[in-house]
Amino acid sequence: MPYACALAALLLSLYFSPATAHSQGPRTANYLGELQLQARQKKLADARIWHLLLKYKKELFGFTSEADGRDFFNSPQGKTDPESELEATLASFFMPLSAVAEGKEHPQCNFAARFKWLNHELAFDRNRLEIQECDRLNRWMQTLAPVGATLVFASYFMNNPASMFGHTLLRIDSRRTGKGNNLINYGANYAAVPDTENGFLYAVKGLIGSFPGRFAIFPYYTKVQEYNNWESRDLWEYELEFTEDQLNTMLLHLWELGGTYFDYYYFQENCSYHVLSLLEIANPDLRLKDSFFFSVIPTDTVKIAMAQEGLVKQTVYRPSVLSQMNDKRLRMDNDEKQILKSMVKGEVTADSPAFENLLPQSQALLLNAYMDYLQYWSMQEKSSNEVKIPRAVLLARSRLPVAGDEDTKITGFSSRPDHGHGTDRFQFGIGHNEREPFLEFAYRPAYHDLMAKDVGYDKNSEIIFMDFKLRYYLESERVRLDQAKLLSITSLNPYDSLFAKPSWRAELAIDTLRDRNCNYCNSFKGTYGRGISYRPDFFSPLLLYTFADLKAEFSDHLKQNFRLGGDAEVGMYFDATENLRIKLAGSYQVFLLGESKRFFTSHLITRYALSQDLDLRLELNRYDQNNEGILSFNYFF
């Protein structure tokens with residue numbers, strides 16, 4: 001069924017107004033009828049239904065296209081009726097050029113991938129169907145001059161809800177630019193077009209599909225500037241293996257998508273989902289979307305691409321400007337680090353004796369790091385001007401006879417996303433509290449917690465989404481919802497002498513009131529806190545932190561049905577070995593409004609990783625006077 005996936009493009013990429021061949025005369029109408037009959041006999045209109053997810057949709061809900069643009073379909077029933085859409089598409093190809101509105105393209109040009117595929121399947125008679133010239137499309141293809149494609153993963157950016165899970169896009173490698181000049185290639189990106197900058201509204205609207213999502217073509221260097229420099233995100237580039245004909249088909253389909261939109265869903269029809277669709281158009285034998293049902297997360301899309309035999313040729317790491325600067329700092333001794341700090345403060349310049357007394361290699365390293373620092377802060381200020389590097393610094397660097405560190409392999413400050421654990425997690429545990437033993441079952445679809453192995457993830461942050469935990473109490477024979485973390489985010493930004501970024505965390509959850517003996521009653525709670533964290537150096541196994549949080553809890557088991565207050569917490573994470581991580585934390589809870597109460601909590605958690613996707617954890621928790629212990633197995637998939 002090699003034509004099946006290609007038809008997905010043809011049936012879902014229509015955005016021209018309906019056309020018929022009624023004005024063409026009997027001969028043309030007869031030939032159109034022949035083509036439509038031939039298409040029905042081949043059952044081309046149903047060819048896409050091999051896809052598991054769309055088969056599921058068809059069986060339960062009827063066929064529904066993913067496209068949402070009003071002008072996307074030739075047939076009024078095209079969104080739900082593939083056969084009528086196919087016939088209307090064929091009819092549109094017979095439209096005379098004189099009938100095309102001024103400023104519009106002929107359907108053969110607008111729907112070039114569709115036309116190419118149907119021509120292959122039905123073998124159009126060139127004497128009976130006039131082939132149109134497509135000047136704009138031809139110029140566009142000549143500009144791109146595709147010779148390859150690269151899947152690009154931008155690492156996590158905790159300051160933007162849209163980028164907390166990372167981001168994927170496609171780079172179109174051109175024969176015009178040649179190897180080694182990838183910055184001047186073009187990129188293809190699918191993203192939401194938001195109408196708000198409010199983080200909460202963005203998250204809500206993204207979850208319910210209230211934003212349109214569109215494809216855009218742009219010079220690749222603009223995204224490198226945005227991700228690498230402004231947001232300080234490392235890029236991982238996965239060069240893909242496609243034939244010239246496959247690349248041509250993919251780009252013709254991308255051309256068709258330029259005039260339509262899809263409802264953007266944060267966890268389903270997002271950047272990664274539609275980029276995978278493009279790859280499936282290029283090679284219909286790829287079944288990249290079959291593995292996804294509830295969520296499509298950027299790291300998982302990279303993993304599924306890597307799992308395809310022969311699809312990825314090589315992987316390239318493109319560090320951010322901040323990673324480049326930190327790599328230079330790692331190679332400095334303590335005296336050089338102090339001089340760099342003094343240069344940042346303006347206490348030492350290139351003419352100062354403290355700098356001039358250094359060896360040329362040290363001077364080059366310091367100047368290169370200082371210029372990275374200036375570039376980083378210029379981007380943080382969103383300056384519209386060029387990077388402001390003092391002329392004296394540039395002159396001092398140009399006088400040095402050494403090449404510096406250009407040929408040194410840079411340290412990886414992020415790890416390959418395809419090497420990380422699975423984003424779904426299932427947990428089974430056995431525990432005991434003050435009263436009775438229990439079994440614990442938990443599942444979450446996303447994403448990563450700080451106790452899990454951090455290969456492939458941001459080592460200083462966690463995002464937990466829809467984490468539901470049930471307990472079966474063996475003596476009372478009861479099943480209770482112990483906890484449901486609707487959304488929990490923690491961003492630990494270790495203190496740095498050159499940068500001052502606070503740590504922060506936020507959580508919305510249903511939890512058990514563990515400081516009360518109310519027979520495992522629940523409350524709804526919200527928490528937001530700011531704090532400070534410290535790691536001796538980037539690769540240190542020790543991370544210390546402290547937080548001050550505001551808390552609100554609501555339950556009919558509380559006096560006045562609520563309590564408001566906060567807590568102060570101190571804690572640490574320590575990697576005793578590569579596979580053994582320990583967390584120790586203690587907090588003092590104070591509730592002043594509603595039900596007034598003060599109490600201590602403490603936690604000791606150890607994790608031993610049996611593999612990247614399987615770990616064993618032991619937890620000892622104390623809430624006021626209530627103690628509990630849990631031994632659990634966690635499987636990531």
# chains A, B, ... in the order shown; residues from 1 in each chain; ligands from 1
$ residues_around --residues "Tyr472 in chain A" --least-positions-apart "2" --cutoff "12 Å" --atoms "only C-alpha atoms" --output "VMD selection string"
chain A and resid 428 to 432 436 to 442 469 to 470 474 to 482 520
$ residues_around --residues "Lys345 in chain A" --least-positions-apart "4" --cutoff "12 Å" --atoms "only C-alpha atoms" --output "ChimeraX atom specification"
/A:338-341,349,370,373-374,497-499
$ select_by_dssp --residues "range 301-431 of chain A" --states "alpha helix (DSSP H)" --output "PyMOL selection string"
chain A and resi 301-306+321-330+334-345+353-356+360-380+391-399
$ closest_residue --among "A:Leu450, A:Leu183, A:Ala585, A:Leu137" --to "Tyr220 in chain A" --atoms "only C-alpha atoms"
A:Leu183
$ closest_residue --among "A:Leu278, A:Leu394, A:Ile304, A:Ile630" --to "Asn433 in chain A" --atoms "only C-alpha atoms"
A:Ile630
